[in-house]
$ cat protein_10.txt   # compact mmCIF, C-alpha atoms
# COMPACT_ATOMS: atom_id res chain seq x y z
CA LEU A 100 38.27 63.60 25.66
CA ASP A 101 41.70 62.68 24.47
CA HIS A 102 41.18 58.91 24.43
CA THR A 103 44.14 56.56 24.22
CA THR A 104 44.36 54.61 20.97
CA MET A 105 45.70 51.15 20.31
CA SER A 106 48.44 52.39 18.01
CA GLY A 107 50.94 53.82 20.48
CA PRO A 108 52.56 53.12 23.89
CA ALA A 109 50.63 55.85 25.72
CA HIS A 110 48.94 54.71 28.94
CA ASN A 111 45.19 54.31 28.82
CA LYS A 112 43.54 56.47 31.47
CA THR A 113 39.93 56.50 30.28
CA LEU A 114 37.20 54.19 31.57
CA LEU A 115 33.98 53.22 29.84
CA VAL A 116 31.15 52.98 32.37
CA ALA A 117 28.00 51.09 31.31
CA GLY A 118 24.87 50.37 33.33
CA ILE A 119 24.58 53.86 34.81
CA SER A 120 21.33 54.70 36.58
CA PRO A 121 19.27 57.36 34.75
CA VAL A 122 19.32 59.53 37.89
CA VAL A 123 23.14 59.76 37.94
CA ASP A 124 24.57 62.94 36.45
CA GLU A 125 28.13 63.86 35.53
CA VAL A 126 28.80 65.54 38.88
CA LEU A 127 27.82 62.43 40.84
CA LEU A 128 29.72 60.15 38.44
CA ALA A 129 32.85 62.28 38.95
CA GLU A 130 32.40 62.07 42.75
CA ILE A 131 32.08 58.27 42.65
CA PHE A 132 35.13 57.69 40.48
CA GLY A 133 37.08 60.61 41.91
CA ALA A 134 37.48 58.68 45.15
CA PHE A 135 40.23 56.69 43.42
CA GLY A 136 42.24 59.53 41.91
CA GLN A 137 42.17 62.81 40.07
CA ILE A 138 39.54 63.03 37.32
CA ALA A 139 40.31 65.09 34.23
CA SER A 140 36.74 64.92 32.91
CA CYS A 141 33.53 62.90 33.01
CA ARG A 142 30.89 62.61 30.31
CA ILE A 143 27.53 60.82 30.29
CA VAL A 144 25.77 59.67 27.12
CA ARG A 145 22.03 59.00 27.30
CA GLU A 146 20.59 56.78 24.57
CA ALA A 147 17.39 54.84 24.05
CA THR A 148 19.22 51.62 24.91
CA GLY A 149 20.58 52.94 28.21
CA VAL A 150 23.03 55.28 29.87
CA HIS A 151 26.81 55.00 29.67
CA GLY A 152 29.68 57.36 30.36
CA TYR A 153 33.40 58.01 30.20
CA CYS A 154 35.74 58.90 33.08
CA ASP A 155 39.11 60.27 32.08
CA PHE A 156 41.72 60.02 34.87
CA THR A 157 45.05 61.83 34.99
CA ASP A 158 46.97 58.58 35.55
CA PHE A 159 46.64 54.89 34.71
CA GLN A 160 46.99 53.54 38.26
CA SER A 161 44.00 55.53 39.52
CA ALA A 162 41.89 54.44 36.56
CA SER A 163 42.89 50.80 37.13
CA ALA A 164 42.03 51.00 40.84
CA ALA A 165 38.64 52.52 40.04
CA MET A 166 37.85 49.78 37.52
CA ALA A 167 38.81 47.01 39.97
CA ALA A 168 36.72 48.51 42.78
CA LEU A 169 33.64 49.68 40.90
CA ASN A 170 33.10 47.05 38.20
CA GLY A 171 29.97 45.15 39.27
CA ARG A 172 29.15 47.63 42.04
CA GLU A 173 25.50 48.64 42.36
CA VAL A 174 24.87 52.39 42.34
CA LEU A 175 21.34 53.69 42.80
CA GLY A 176 19.81 50.41 41.72
CA SER A 177 21.98 49.80 38.65
CA GLU A 178 25.03 47.54 38.38
CA LEU A 179 28.02 49.32 36.86
CA LYS A 180 30.08 47.60 34.17
CA VAL A 181 33.46 49.31 34.03
CA SER A 182 36.12 48.62 31.40
CA TRP A 183 38.91 50.41 29.57
CA HIS A 184 37.75 52.66 26.77
CA VAL A 185 39.74 51.43 23.78
CA GLN A 186 39.55 52.75 20.26
CA PRO A 187 40.30 50.29 17.42
CA ALA A 188 43.54 50.65 15.56
CA GLY A 189 42.08 50.08 12.12
CA PRO A 190 42.89 47.46 9.45
CA LYS A 191 44.56 44.13 10.11
CA GLU A 192 48.24 44.43 10.89
CA ASP A 193 51.30 42.26 10.44
CA THR A 194 51.98 40.64 13.83
CA SER A 195 54.91 38.44 12.80
CA ASN A 196 57.40 40.53 14.79
CA HIS A 197 55.29 41.03 17.91
CA HIS A 198 56.57 39.82 21.28
CA THR A 199 54.82 37.30 23.57
CA VAL A 200 54.57 37.89 27.32
CA PHE A 201 53.54 35.23 29.85
CA VAL A 202 50.98 36.28 32.48
CA GLY A 203 50.54 33.97 35.47
CA ASN A 204 48.39 33.88 38.62
CA ILE A 205 45.23 35.14 36.93
CA GLY A 206 41.85 34.28 38.42
CA ASP A 207 39.28 32.08 36.69
CA TYR A 208 37.07 35.16 36.32
CA ILE A 209 39.63 36.80 34.01
CA ASP A 210 38.84 36.34 30.31
CA GLU A 211 40.66 37.42 27.14
CA PHE A 212 38.88 40.77 27.21
CA ALA A 213 39.99 41.61 30.77
CA LEU A 214 43.53 40.38 30.13
CA PHE A 215 43.80 42.35 26.90
CA GLU A 216 42.58 45.55 28.49
CA ALA A 217 44.92 45.19 31.47
CA PHE A 218 47.86 45.37 29.02
CA THR A 219 46.37 47.86 26.56
CA GLN A 220 48.57 50.69 27.82
CA TYR A 221 51.62 48.66 26.75
CA ASN A 222 50.68 48.47 23.06
CA CYS A 223 49.06 45.03 23.34
CA SER A 224 47.90 43.42 20.09
CA ASP A 225 46.36 40.11 21.27
CA SER A 226 45.58 38.06 24.38
CA ARG A 227 44.81 34.47 25.23
CA VAL A 228 43.68 32.83 28.47
CA ILE A 229 44.64 29.14 28.65
CA ARG A 230 41.89 26.78 29.79
CA GLY A 231 41.71 23.15 30.84
CA ASP A 232 39.40 20.37 29.66
CA ASP A 233 36.55 21.76 31.77
CA GLY A 234 36.85 25.13 30.07
CA ARG A 235 38.07 26.92 33.19
CA CYS A 236 41.16 29.10 33.32
CA LEU A 237 44.36 27.25 34.27
CA GLY A 238 45.68 30.36 35.97
CA TYR A 239 47.80 31.79 33.18
CA GLY A 240 47.66 33.34 29.75
CA PHE A 241 49.66 35.24 27.16
CA VAL A 242 49.60 38.67 25.56
CA THR A 243 51.39 39.83 22.44
CA ILE A 244 52.92 43.30 22.34
CA ARG A 245 53.96 45.24 19.28
CA THR A 246 57.46 46.41 20.24
CA MET A 247 60.26 45.06 22.42
CA GLU A 248 60.39 48.39 24.25
CA ASP A 249 56.74 48.14 25.25
CA ALA A 250 57.03 44.43 26.07
CA THR A 251 59.97 45.13 28.37
CA ALA A 252 58.04 47.94 30.02
CA ALA A 253 55.06 45.63 30.51
CA VAL A 254 57.16 42.89 32.11
CA THR A 255 58.81 45.41 34.43
CA ALA A 256 55.66 47.27 35.45
CA MET A 257 53.06 44.50 35.47
CA ASP A 258 55.00 41.81 37.34
CA GLY A 259 53.39 41.92 40.78
CA PHE A 260 50.61 44.24 39.62
CA ARG A 261 47.29 43.28 41.24
CA LEU A 262 44.63 42.46 38.67
CA MET A 263 41.23 42.02 40.29
CA GLY A 264 42.96 41.42 43.63
CA ARG A 265 45.64 38.95 42.54
CA PRO A 266 49.33 39.82 41.95
CA LEU A 267 50.37 38.88 38.42
CA ARG A 268 53.51 36.95 37.50
CA VAL A 269 54.72 38.46 34.24
CA SER A 270 57.74 37.45 32.16
CA PHE A 271 58.80 36.96 28.56
CA ALA A 272 57.25 33.77 27.20
CA LYS A 273 59.32 30.84 25.97
CA THR A 274 56.58 29.86 23.51
CA PRO A 275 56.10 31.13 19.95
CA ARG A 276 54.13 34.33 19.54
CA LEU A 277 50.36 34.03 19.75
CA SER A 278 48.15 34.42 16.74
CA GLU A 279 44.82 33.09 15.56
CA THR A 280 46.60 31.07 12.89
CA THR A 281 50.16 29.71 12.79
CA GLY A 282 51.56 31.08 16.06
CA LEU A 283 49.11 29.44 18.44
CA ALA A 284 48.85 26.29 16.34
CA ASN A 285 52.63 25.81 16.43
CA ALA A 286 52.68 26.34 20.19
CA GLU A 287 49.95 23.75 20.70
CA ALA A 288 51.63 21.24 18.38
CA ARG A 289 54.86 21.50 20.35
CA GLY A 290 53.05 20.97 23.63
CA HIS A 291 53.72 24.43 25.01
CA ILE A 292 50.06 25.43 25.27
CA PRO A 293 47.12 23.11 25.96
CA THR A 294 44.79 22.79 23.00
CA GLU A 295 41.54 24.59 23.72
CA PRO A 296 38.60 22.22 24.17
CA SER A 297 35.67 22.36 21.85
CA VAL A 298 32.82 24.34 23.38
CA PRO A 299 29.62 22.37 24.05
CA GLN A 300 26.60 23.50 22.10
CA ASP A 301 24.33 23.44 25.14
CA PRO A 302 24.17 27.03 26.53
CA ARG A 303 23.74 25.66 30.05
CA ALA A 304 26.98 23.72 29.76
CA VAL A 305 28.78 26.73 28.32
CA ALA A 306 27.51 28.88 31.19
CA THR A 307 29.22 26.64 33.75
CA GLN A 308 32.64 27.13 32.15
CA ALA A 309 33.16 30.68 33.40
CA SER A 310 32.24 32.95 36.26
CA GLU A 311 28.69 34.32 36.29
CA THR A 312 30.22 37.81 36.20
CA ASN A 313 31.78 37.07 32.80
CA CYS A 314 29.49 38.49 30.12
CA THR A 315 32.06 38.83 27.32
CA VAL A 316 32.52 36.62 24.26
CA HIS A 317 35.96 36.40 22.64
CA VAL A 318 35.46 36.00 18.88
CA GLY A 319 38.50 34.59 17.08
CA ASN A 320 39.52 33.46 13.60
CA LEU A 321 38.49 36.72 11.94
CA LEU A 322 40.18 38.03 8.82
CA GLY A 323 40.68 41.48 10.31
CA SER A 324 38.53 43.23 7.73
CA GLU A 325 35.24 42.76 9.60
CA ASN A 326 33.50 45.83 10.98
CA GLU A 327 31.28 46.42 14.01
CA GLU A 328 28.09 46.36 11.95
CA LEU A 329 28.85 42.89 10.59
CA LEU A 330 29.82 41.60 14.03
CA ARG A 331 26.67 42.99 15.59
CA SER A 332 24.49 41.38 12.92
CA ALA A 333 25.95 37.98 13.82
CA PHE A 334 25.51 38.30 17.58
CA GLU A 335 22.64 40.66 18.37
CA GLU A 336 19.97 37.94 18.26
CA TYR A 337 21.36 36.31 21.40
CA GLY A 338 20.85 39.20 23.80
CA THR A 339 21.54 42.84 24.60
CA ILE A 340 25.00 43.87 23.42
CA GLU A 341 26.43 46.49 25.76
CA ASN A 342 29.89 46.86 24.27
CA MET A 343 31.95 45.71 21.29
CA ARG A 344 35.68 45.91 20.55
CA LEU A 345 37.58 45.17 17.35
CA PRO A 346 41.19 45.90 18.32
CA GLY A 347 42.28 45.76 14.68
CA LYS A 348 43.59 42.22 14.34
CA ASN A 349 41.74 38.94 13.79
CA PHE A 350 39.70 38.83 16.97
CA ALA A 351 37.00 40.84 18.71
CA PHE A 352 35.09 41.11 21.98
CA VAL A 353 31.31 41.19 22.36
CA GLN A 354 30.00 42.11 25.81
CA TYR A 355 26.43 41.14 26.70
CA ALA A 356 24.16 42.36 29.47
CA THR A 357 24.11 38.94 31.15
CA HIS A 358 26.27 35.84 31.49
CA ALA A 359 23.45 33.67 30.12
CA GLN A 360 23.25 35.72 26.92
CA ALA A 361 27.01 35.39 26.38
CA ALA A 362 26.79 31.61 26.90
CA LYS A 363 23.94 31.38 24.41
CA ALA A 364 25.99 33.26 21.80
CA ILE A 365 29.04 31.03 22.33
CA ALA A 366 26.94 27.87 22.01
CA ALA A 367 25.34 29.09 18.79
CA ARG A 368 28.28 30.75 17.04
CA ASN A 369 31.35 28.72 17.98
CA GLY A 370 32.38 26.89 14.80
CA ALA A 371 29.70 28.62 12.73
CA THR A 372 30.26 30.81 9.66
CA PRO A 373 27.58 33.53 9.84
CA ARG A 374 26.43 35.43 6.77
CA GLY A 375 29.13 37.88 5.69
CA PHE A 376 31.99 35.93 7.30
CA SER A 377 34.42 33.86 5.26
CA ARG A 378 35.52 31.27 7.81
CA PRO A 379 34.25 29.58 11.00
CA LEU A 380 34.31 31.67 14.16
CA ARG A 381 36.04 30.53 17.32
CA CYS A 382 34.01 31.79 20.28
CA THR A 383 35.02 31.42 23.92

$ encode --input "protein_10.txt" --output "structure tokens"
Amino acid sequence: LDHTTMSGPAHNKTLLVAGISPVVDEVLLAEIFGAFGQIASCRIVREATGVHGYCDFTDFQSASAAMAALNGREVLGSELKVSWHVQPAGPKEDTSNHHTVFVGNIGDYIDEFALFEAFTQYNCSDSRVIRGDDGRCLGYGFVTIRTMEDATAAVTAMDGFRLMGRPLRVSFAKTPRLSETTGLANAEARGHIPTEPSVPQDPRAVATQASETNCTVHVGNLLGSENEELLRSAFEEYGTIENMRLPGKNFAFVQYATHAQAAKAIAARNGATPRGFSRPLRCT
């Protein structure tokens, strides 16, 4: 497959499908996802830990529609987990000249992972969902995009685009660019963005702060030099990790099999500095 990378403006058209039933083959997978558009290819990977696959569409809109409709859908006794297939861009990059885009009218079930992947095809480098004191989404967030050309394209194309059933309101942000260090801190200090609340250490309390369908942990405050092996070593004790993403900056995504496992990881690792890491993690 010719997977889209994070380093260019090309549209992502490839979906990662986890939680596939062992009885599903590539022909059936293509039939299921082909209902939403033309499929270029489908591939299934069978491992000891489970079955996952890749569906490569010929256009982004069809892939997006398939993800919205099939994520969480039960097929032959197994619940599908569908997301964009994103390859990391590599070492930490300079984001000082990236452009910030405001994204409004997002549901409380949208996390940083979902928001980031919705804008991946526009050369997105970071994402942030803004939450209130109870930890729930306030209905808006921000994404940073590498070039003005791609940011303009994102604002034009994504304004009104339906993400998980809700039309987005997308415009250029009036706040400073987002980053895990100075950018976000400056925005919070000036009152543009609410300061994120500290996450309770009780997993049951953490679990109530997001939808039960949210199984992804956003891991911030990384240096950018961490690899997947190090990240896995810090989080694998809290449950079954089904997917990991290190988009190449100073944050990562860890997707667990269940919401409870993700909550347990957040409660244990938020503010902690695991072995091999040089500064405290910010987990949400």

$ residues_around --input "protein_10.txt" --residues "A:Phe212" --least-positions-apart "6" --cutoff "10 Å" --atoms "all atoms listed in the file" --output "ChimeraX atom specification"
/A:182-183,225-228,313,315-317,344,351-354

$ atom_distance --input "protein_10.txt" --atom1 "atom CA of A:Gly203" --atom2 "atom CA of A:Ala117"
28.6 Å

$ atom_distance --input "protein_10.txt" --atom1 "atom CA of A:Gly149" --atom2 "atom CA of A:Arg331"
17.2 Å

$ closest_residue --input "protein_10.txt" --among "A:Gln160, A:Thr246, A:Asn204, A:Asn349" --to "A:Val269" --atoms "all atoms listed in the file"
A:Asn204

$ closest_residue --input "protein_10.txt" --among "A:Ala213, A:Gly206, A:Ser377, A:Val254" --to "A:Arg230" --atoms "all atoms listed in the file"
A:Gly206

$ residues_around --input "protein_10.txt" --residues "A:Leu115" --least-positions-apart "3" --cutoff "7 Å" --atoms "only C-alpha atoms" --output "ChimeraX atom specification"
/A:152-154,181-184

$ atom_distance --input "protein_10.txt" --atom1 "atom CA of A:Ser161" --atom2 "atom CA of A:Cys223"
19.9 Å

$ closest_residue --input "protein_10.txt" --among "A:His198, A:Arg261, A:Arg268, A:His358" --to "A:Thr243" --atoms "only C-alpha atoms"
A:His198

$ residues_around --input "protein_10.txt" --residues "A:Leu267" --least-positions-apart "3" --cutoff "7 Å" --atoms "all atoms listed in the file" --output "PyMOL selection string"
chain A and resi 202-205+257-262

$ axis_aligned_box --input "protein_10.txt" --around "stretch 302-306 of chain A" --padding-each-side "3 Å" --output "lines of an AutoDock Vina configuration file"
center_x = 26.3
center_y = 26.3
center_z = 28.9
size_x = 11.0
size_y = 11.2
size_z = 10.7

$ decode --input "protein_10.txt" --residues "stretch 361-375 of chain A" --atoms "N, CA and C atoms" --output "PDB file, in the first residue's frame"
ATOM      1  N   ALA A 361      -7.602   2.699  29.573  1.00  0.00           N
ATOM      2  CA  ALA A 361      -7.080   4.033  29.271  1.00  0.00           C
ATOM      3  C   ALA A 361      -7.143   4.928  30.508  1.00  0.00           C
ATOM      4  N   ALA A 362      -8.254   4.855  31.246  1.00  0.00           N
ATOM      5  CA  ALA A 362      -8.407   5.658  32.469  1.00  0.00           C
ATOM      6  C   ALA A 362      -7.362   5.267  33.506  1.00  0.00           C
ATOM      7  N   LYS A 363      -7.106   3.987  33.622  1.00  0.00           N
ATOM      8  CA  LYS A 363      -6.108   3.503  34.581  1.00  0.00           C
ATOM      9  C   LYS A 363      -4.725   4.040  34.231  1.00  0.00           C
ATOM     10  N   ALA A 364      -4.393   4.065  32.936  1.00  0.00           N
ATOM     11  CA  ALA A 364      -3.097   4.574  32.489  1.00  0.00           C
ATOM     12  C   ALA A 364      -2.963   6.069  32.763  1.00  0.00           C
ATOM     13  N   ILE A 365      -4.030   6.823  32.502  1.00  0.00           N
ATOM     14  CA  ILE A 365      -4.001   8.268  32.759  1.00  0.00           C
ATOM     15  C   ILE A 365      -3.785   8.541  34.243  1.00  0.00           C
ATOM     16  N   ALA A 366      -4.536   7.822  35.084  1.00  0.00           N
ATOM     17  CA  ALA A 366      -4.428   8.031  36.533  1.00  0.00           C
ATOM     18  C   ALA A 366      -3.025   7.733  37.041  1.00  0.00           C
ATOM     19  N   ALA A 367      -2.384   6.723  36.455  1.00  0.00           N
ATOM     20  CA  ALA A 367      -1.064   6.306  36.942  1.00  0.00           C
ATOM     21  C   ALA A 367       0.070   7.137  36.364  1.00  0.00           C
ATOM     22  N   ARG A 368      -0.055   7.573  35.117  1.00  0.00           N
ATOM     23  CA  ARG A 368       1.083   8.184  34.428  1.00  0.00           C
ATOM     24  C   ARG A 368       1.025   9.711  34.315  1.00  0.00           C
ATOM     25  N   ASN A 369      -0.138  10.313  34.522  1.00  0.00           N
ATOM     26  CA  ASN A 369      -0.187  11.766  34.428  1.00  0.00           C
ATOM     27  C   ASN A 369       0.666  12.398  35.529  1.00  0.00           C
ATOM     28  N   GLY A 370       1.649  13.185  35.141  1.00  0.00           N
ATOM     29  CA  GLY A 370       2.553  13.820  36.095  1.00  0.00           C
ATOM     30  C   GLY A 370       3.734  12.963  36.491  1.00  0.00           C
ATOM     31  N   ALA A 371       3.771  11.726  36.042  1.00  0.00           N
ATOM     32  CA  ALA A 371       4.875  10.820  36.388  1.00  0.00           C
ATOM     33  C   ALA A 371       5.998  10.920  35.357  1.00  0.00           C
ATOM     34  N   THR A 372       7.197  10.533  35.772  1.00  0.00           N
ATOM     35  CA  THR A 372       8.351  10.476  34.875  1.00  0.00           C
ATOM     36  C   THR A 372       8.842   9.027  34.837  1.00  0.00           C
ATOM     37  N   PRO A 373       8.306   8.223  33.925  1.00  0.00           N
ATOM     38  CA  PRO A 373       8.688   6.806  33.877  1.00  0.00           C
ATOM     39  C   PRO A 373      10.162   6.627  33.525  1.00  0.00           C
ATOM     40  N   ARG A 374      10.671   5.448  33.795  1.00  0.00           N
ATOM     41  CA  ARG A 374      12.057   5.127  33.455  1.00  0.00           C
ATOM     42  C   ARG A 374      12.304   5.345  31.962  1.00  0.00           C
ATOM     43  N   GLY A 375      13.369   6.073  31.649  1.00  0.00           N
ATOM     44  CA  GLY A 375      13.712   6.354  30.261  1.00  0.00           C
ATOM     45  C   GLY A 375      13.221   7.698  29.766  1.00  0.00           C
TER      46      GLY A 375
END
